[in-house]
Amino acid sequence: MIEFQAVTKKYDDGTVAVDNLSLTIDAGRITVFVGPSGCGKTTSLRMINRMIDATSGTILLDGKDIRAQHPAELRRGIGYVIQHAGLFPHRTVLDNVATVPVLTGASKAVARKRAADLLERVGLPAELGKRYPAQLSGGQQQRVGVARALAADPPVLLMDEPFSAVDPIVRDGLQDELLRLQSDLGKTIVFVTHDIDEAIKLGDKVAVLRVGGRLAQYATPAELLAKPVDDFVASFVGRDRGYRALGFLSAQGVPIGPVATVALGAEVGQARAELDNGWAVVVDEAGRPLGWVSDQSLSIVEERVGRSDLVSGGSLFDVESGSLRTALDAALSSPAALGIAVDAAGAVVGGVVADTVLKALADARRTGEVPT
Amino acid sequence: MWEWLTNPDNWTKTFGTPGIPQRLAEHLQYTAVAVVIAALIAVPLGAYIGHTGRGGTFVVGMVNAFRALPELGLLILLALSMGVLLAFEAMTITLVLIAVPPMLAGTYAGIRNVDQSAVDAARGMGMREREVLVKVELPNALPLILGALRTATLQVIATASIAAFVSLGGLGRFVVDGLALREFDQMAGAAVLIAALAIVVELVLAGAQWLVVSPGLRAPRSRKRKATT
Amino acid sequence: MTWVLDHVDQLLSLSAYHLWLALLPLVLGLLIALPLGWVASRYYWARVILVPAAGLLYTIPSLALFVLMPLILGTLILDPLNVQIALTVYTVALLVRVVADALAAVPATVAAAATAMGYRPVGRFFAVDLPLALPVLLAGVRVATVSNISLVSVGSLIGVHGLGQALTEGFQRDNYAEIIAGIVLIVVLALAVDAVLVLVGRVLTPWARIGGRR
């Protein structure tokens, strides 16, 4: 657990990077510092491992003042991941990951074995260990950076915009990897980003900071979206926050209605008979949805319904893991105004209409599930 | 000229006058002594200045100024003021003064050019300052440091050729003597030897650099595509 | 000190000759290095041949090169042409690599834009590539200049007398004043020409100074 007590960082020329920051970072959770440039998020992070020393105030790590320890000692117990990975170009990937264990006295062989395990953990093939950083792509380098930070099994992990320098598709993958790792390891992670969507996706709790280093709001992502404390936070969180907030509400209670299905390859006449309200969804042998047919689209089909005759469908709503947001999106994006609900295997189980989703939202508000 | 080079007499000591191998050895000795001393001064100093970042402009200014100093003049001045008995010391001082600026500049530039995020990461994972310098900055600065070492060594070899002017040995002796005796083949032969020496030393040092520097620091030569995520 | 005052004329004429010996090779060397460097920057095969060859030439110590010139050129030993041609070779050797690197450092996007606007290769070279390569090029020219001025003094050992004469004569006559005068003048000349080059650089590249420097 990390505690900031009235921490301030002021530079000689008068700029205040962090202004009287007080908050508690829960152990075993991901806490995200987010805000525009100049809000002091990176400075605050770097004060935790004393890369920067506070001008006033105290930071406690598990109840102990971090200033009580020699900085180098402190840092060996804290993992540190930075934006461009900062891998040592002159060492192999394996030796890079093995750095901290060797630094704390482990034998090279033991450290390397551990490094190899970690590389696997972060999703990298074992033979990458022999290569040098210059031979890796940006995404791979970041993964190595994470592996390196985890090598000494530190309870705390500091991450300073680690995924900002890679392209969006790679970034998504890395974020999912981090969540997966965290579910296995349960570290105390402090994560800095300027991207509010990343903060909402990853954070158990999010601290929004203002320019000038002051804390604007410290809350769970759901609260942030539903109840931003002032205009700055509201505009920082961005548009569509009402819609995005739906992503945090489970869709367990949303009723699923019946939907007309037609097997792929069925005769035109038979298909027509199945149409409900002018539409039917075409499924394969396993019951998985392939697309829609309508009154109109069937009029040009000759004998049997084939793949090329289908109207492309909208997004799918997974009944087990889905949220109100995915349910609503399925309904809105469907050409038939009927969202397809599927089970874990991907087979069609029914349909959902936008009205029922909004009714479920109203119910959630009434029962207090949504913070008002 | 070829007769002079292939004449076996010149390759042995005749009547106490040193032949080619001896002069060659002298030349190498002057060079090695000066380069080692210069390295012992320049590399730690350059590393310290580069690592702490203080005194950078001084280094650049000093190196530029030193480049303007004529080696011959320096050598003559020192030899004269220190006297004939200390000619070797005078020359060594001159050679060291010639070798230090490029090595200082090279070490400083090498350390400054190390990827700063790697240095930040090193501190962040708990390395002490000395460890950061020795384990991260120096190995990564090695290409530039060794490059400067090669440049400096060549300049020393060149200046050592002039040592003969102040009555010292080395391959330059043949040039000076040859000029005095109007024996042109001797001069030419010596010039060829000096050039050959320089080229061979440069190749040897280049090979050594290739061996010593980490493969991770070699610039990618071909268009080999890097791995994709 | 009195010696210096007595010999001002002589020192001045030696200085002028010294500059002539040093700067003519510089100009010639630059003119030769520009096209060679341009070829090396455009074609990989040229670069692979030219740059190592240049490096090899630069490796040869000055004294050796000065002495070998008569052999190669058929000139007399004491001919100042030896020194000038040798220095030209040095300048070319040094600058080919600098020109190649400087031209290669011109941003590819700028060069592409210029070509797309309709510049032919030669026109583009003078209008776009050369001006943008100037800062790096100038740095190399400064090194070559200072180096040449210093190396001319070695020429005295084979009888080509610029200010090096003050050094060798001073040594033979135990005349400290002469030696020091020689050294000081050489250094002053080098620094003066260097300063002129810096000024020329500023005049030719006004855009390099505008814009924030972080």
# chains A, B, ... in the order shown; residues from 1 in each chain; ligands from 1
call {"tool": "interface_residues", "arguments": {"of": "chain A", "to": "chain B", "cutoff": "7 Å", "atoms": "only C-alpha atoms", "output": "list in words"}}
result
Met51, Ala72, Glu73, Arg75, Arg76, Gly79, Tyr80, His84, Gly86, Leu87, Phe88, Pro89, His90, Arg91, Val100, Tyr132, Ala134, Gln135, Leu136, Ser137, Gly139 and Gln140 of chain A
call {"tool": "residues_around", "arguments": {"residues": "C:Leu19", "least_positions_apart": "6", "cutoff": "9 Å", "atoms": "only C-alpha atoms", "output": "mmCIF file with C-alpha atoms, in the first residue's frame"}}
result
data_model
loop_
_atom_site.group_PDB
_atom_site.id
_atom_site.type_symbol
_atom_site.label_atom_id
_atom_site.label_comp_id
_atom_site.auth_asym_id
_atom_site.auth_seq_id
_atom_site.Cartn_x
_atom_site.Cartn_y
_atom_site.Cartn_z
ATOM 1 C CA ILE C 149 47.028 24.617 -41.536
ATOM 2 C CA VAL C 152 51.689 22.461 -43.576
ATOM 3 C CA GLY C 162 55.657 27.951 -44.536
ATOM 4 C CA LEU C 189 45.834 31.582 -38.390
#
call {"tool": "residues_around", "arguments": {"residues": "A:Val311", "least_positions_apart": "2", "cutoff": "10 Å", "atoms": "only C-alpha atoms", "output": "ChimeraX atom specification"}}
result
/A:281-282,290-294,297,307-309,313-314,335-336
call {"tool": "interface_residues", "arguments": {"of": "chain B", "to": "chain C", "cutoff": "8 Å", "atoms": "only C-alpha atoms", "output": "ChimeraX atom specification"}}
result
/B:65,67-74,76-77,80,154-155,157-159,161-162,165,176,179,187-188,190-192,194-196,198-199,202
call {"tool": "write_last_selection", "arguments": {"atoms": "N, CA and C atoms", "output": "tab-separated table (two decimals), in the first residue's frame"}}
result
chain	number	residue	atom	x	y	z
B	65	ALA	N	40.52	23.77	-29.89
B	65	ALA	CA	41.73	24.58	-29.79
B	65	ALA	C	42.97	23.73	-30.01
B	67	ARG	N	43.34	21.13	-31.71
B	67	ARG	CA	43.53	20.67	-33.08
B	67	ARG	C	44.34	21.67	-33.88
B	68	ALA	N	44.30	22.92	-33.47
B	68	ALA	CA	45.02	23.94	-34.21
B	68	ALA	C	46.51	23.95	-33.90
B	69	LEU	N	46.91	23.29	-32.81
B	69	LEU	CA	48.33	23.30	-32.43
B	69	LEU	C	49.16	22.43	-33.35
B	70	PRO	N	50.22	23.00	-33.92
B	70	PRO	CA	51.07	22.19	-34.80
B	70	PRO	C	51.92	21.23	-33.98
B	71	GLU	N	51.86	19.94	-34.31
B	71	GLU	CA	52.59	18.95	-33.52
B	71	GLU	C	54.09	19.21	-33.55
B	72	LEU	N	54.55	19.59	-34.72
B	72	LEU	CA	55.98	19.82	-34.87
B	72	LEU	C	56.43	20.91	-33.91
B	73	GLY	N	55.65	21.97	-33.87
B	73	GLY	CA	56.02	23.09	-33.00
B	73	GLY	C	56.07	22.68	-31.54
B	74	LEU	N	55.05	21.94	-31.15
B	74	LEU	CA	54.99	21.49	-29.76
B	74	LEU	C	56.19	20.64	-29.42
B	76	ILE	N	59.11	20.48	-30.89
B	76	ILE	CA	60.35	21.25	-30.88
B	76	ILE	C	60.48	22.06	-29.60
B	77	LEU	N	59.37	22.71	-29.24
B	77	LEU	CA	59.41	23.54	-28.04
B	77	LEU	C	59.78	22.74	-26.81
B	80	LEU	N	63.42	21.32	-26.93
B	80	LEU	CA	64.41	22.36	-26.68
B	80	LEU	C	64.45	22.73	-25.21
B	154	LEU	N	46.31	6.82	-34.76
B	154	LEU	CA	46.85	7.19	-36.06
B	154	LEU	C	47.58	8.51	-36.02
B	155	GLN	N	47.00	9.47	-35.27
B	155	GLN	CA	47.67	10.76	-35.17
B	155	GLN	C	49.00	10.62	-34.45
B	157	ILE	N	50.89	7.92	-34.41
B	157	ILE	CA	51.85	7.29	-35.33
B	157	ILE	C	52.40	8.33	-36.29
B	158	ALA	N	51.53	9.20	-36.78
B	158	ALA	CA	51.97	10.23	-37.71
B	158	ALA	C	52.98	11.16	-37.05
B	159	THR	N	52.67	11.58	-35.84
B	159	THR	CA	53.58	12.51	-35.18
B	159	THR	C	54.87	11.84	-34.76
B	161	SER	N	56.42	9.91	-36.42
B	161	SER	CA	57.32	9.91	-37.57
B	161	SER	C	58.22	11.13	-37.55
B	162	ILE	N	57.75	12.19	-36.91
B	162	ILE	CA	58.51	13.43	-36.89
B	162	ILE	C	59.55	13.42	-35.78
B	165	PHE	N	63.23	14.22	-36.09
B	165	PHE	CA	63.77	15.56	-36.23
B	165	PHE	C	64.48	16.04	-34.97
B	176	VAL	N	64.56	11.53	-42.33
B	176	VAL	CA	65.44	12.64	-42.01
B	176	VAL	C	66.86	12.38	-42.50
B	179	LEU	N	67.04	12.52	-46.22
B	179	LEU	CA	67.04	13.89	-46.73
B	179	LEU	C	68.42	14.48	-46.64
B	187	MET	N	64.31	7.57	-48.25
B	187	MET	CA	63.15	8.35	-47.84
B	187	MET	C	61.85	7.70	-48.30
B	188	ALA	N	61.84	7.31	-49.56
B	188	ALA	CA	60.62	6.74	-50.13
B	188	ALA	C	60.27	5.43	-49.44
B	190	ALA	N	61.07	4.50	-46.49
B	190	ALA	CA	60.57	4.77	-45.16
B	190	ALA	C	59.12	5.23	-45.20
B	191	ALA	N	58.83	6.08	-46.18
B	191	ALA	CA	57.46	6.57	-46.29
B	191	ALA	C	56.49	5.42	-46.51
B	192	VAL	N	56.88	4.51	-47.37
B	192	VAL	CA	56.02	3.35	-47.62
B	192	VAL	C	55.83	2.55	-46.33
B	194	ILE	N	56.06	3.63	-43.25
B	194	ILE	CA	55.21	4.35	-42.30
B	194	ILE	C	53.74	4.20	-42.69
B	195	ALA	N	53.49	4.37	-43.99
B	195	ALA	CA	52.10	4.25	-44.45
B	195	ALA	C	51.58	2.85	-44.16
B	196	ALA	N	52.41	1.85	-44.45
B	196	ALA	CA	51.98	0.47	-44.23
B	196	ALA	C	51.70	0.22	-42.75
B	198	ALA	N	50.79	2.36	-40.51
B	198	ALA	CA	49.54	3.00	-40.13
B	198	ALA	C	48.34	2.17	-40.56
B	199	ILE	N	48.37	1.70	-41.79
B	199	ILE	CA	47.24	0.93	-42.30
B	199	ILE	C	47.06	-0.36	-41.53
B	202	GLU	N	45.66	0.32	-38.09
B	202	GLU	CA	44.25	0.68	-38.20
B	202	GLU	C	43.39	-0.56	-38.40
call {"tool": "closest_residue", "arguments": {"among": "C:Leu134, C:Leu11, C:Tyr119, C:Gln84", "to": "C:Leu34", "atoms": "only C-alpha atoms"}}
result
C:Leu134
call {"tool": "residues_around", "arguments": {"residues": "C:Ala54", "least_positions_apart": "6", "cutoff": "12 Å", "atoms": "only C-alpha atoms", "output": "list of chain:residue names"}}
result
C:Ala33, C:Leu36, C:Gly37, C:Ala40, C:Ala46, C:Arg47, C:Val48, C:Ile60, C:Val89, C:Tyr90, C:Thr91, C:Val92, C:Ala93, C:Leu94, C:Leu95, C:Val96, C:Arg97, C:Val98, C:Ala100
call {"tool": "select_by_dssp", "arguments": {"residues": "stretch 15-252 of chain A", "states": "strand (DSSP E or B)", "output": "PyMOL selection string"}}
result
chain A and resi 16-25+30-34+56-61+64-65+78-81+156-160+188-193+205-209+215-219+250
call {"tool": "write_last_selection", "arguments": {"atoms": "C-alpha atoms", "output": "compact mmCIF listing (two decimals), in the first residue's frame"}}
result
# COMPACT_ATOMS: atom_id res chain seq x y z
CA VAL A 16 4.80 23.61 -9.10
CA ALA A 17 4.70 20.14 -10.58
CA VAL A 18 2.75 18.46 -7.79
CA ASP A 19 0.60 20.45 -5.38
CA ASN A 20 -0.34 18.99 -2.03
CA LEU A 21 -1.23 15.53 -3.28
CA SER A 22 -2.79 13.21 -0.75
CA LEU A 23 -4.20 9.83 -1.63
CA THR A 24 -3.90 6.17 -0.77
CA ILE A 25 -3.06 3.56 -3.37
CA ILE A 30 -4.11 -1.07 -10.51
CA THR A 31 -4.24 2.66 -9.79
CA VAL A 32 -4.02 5.00 -12.73
CA PHE A 33 -2.77 8.59 -12.69
CA VAL A 34 -4.25 10.42 -15.65
CA SER A 56 7.61 18.62 1.10
CA GLY A 57 5.24 15.93 2.32
CA THR A 58 5.80 12.25 2.87
CA ILE A 59 5.30 9.09 0.87
CA LEU A 60 4.81 5.89 2.79
CA LEU A 61 5.37 2.47 1.33
CA LYS A 64 7.43 3.18 6.07
CA ASP A 65 8.77 6.52 4.88
CA ILE A 78 10.05 -1.74 -7.08
CA GLY A 79 9.50 -2.63 -10.73
CA TYR A 80 9.85 0.28 -13.17
CA VAL A 81 8.54 0.29 -16.74
CA VAL A 156 4.99 -2.80 -6.52
CA LEU A 157 5.13 -1.99 -10.23
CA LEU A 158 5.45 1.55 -11.57
CA MET A 159 4.51 2.07 -15.20
CA ASP A 160 5.08 5.41 -16.92
CA THR A 188 0.24 -3.10 -6.62
CA ILE A 189 0.46 -1.26 -9.91
CA VAL A 190 0.68 2.50 -10.37
CA PHE A 191 0.11 3.36 -14.01
CA VAL A 192 0.50 6.75 -15.67
CA THR A 193 -1.20 7.65 -18.93
CA LYS A 205 -9.18 3.31 -9.29
CA VAL A 206 -8.31 6.40 -11.31
CA ALA A 207 -6.80 9.68 -10.10
CA VAL A 208 -7.46 12.59 -12.44
CA LEU A 209 -4.91 15.38 -12.04
CA LEU A 215 -5.89 16.21 -7.64
CA ALA A 216 -9.28 16.71 -9.31
CA GLN A 217 -10.96 13.41 -8.58
CA TYR A 218 -9.95 10.00 -7.27
CA ALA A 219 -12.60 7.36 -7.90
CA SER A 250 -23.82 -6.07 -16.19
call {"tool": "atom_distance", "arguments": {"atom1": "atom CA of A:Leu246", "atom2": "atom CA of A:Val349"}}
result
22.1 Å
call {"tool": "atom_distance", "arguments": {"atom1": "atom CA of C:Gly140", "atom2": "atom CA of B:Val100"}}
result
20.3 Å
call {"tool": "atom_distance", "arguments": {"atom1": "atom CA of A:Asp204", "atom2": "atom CA of A:Phe248"}}
result
11.9 Å
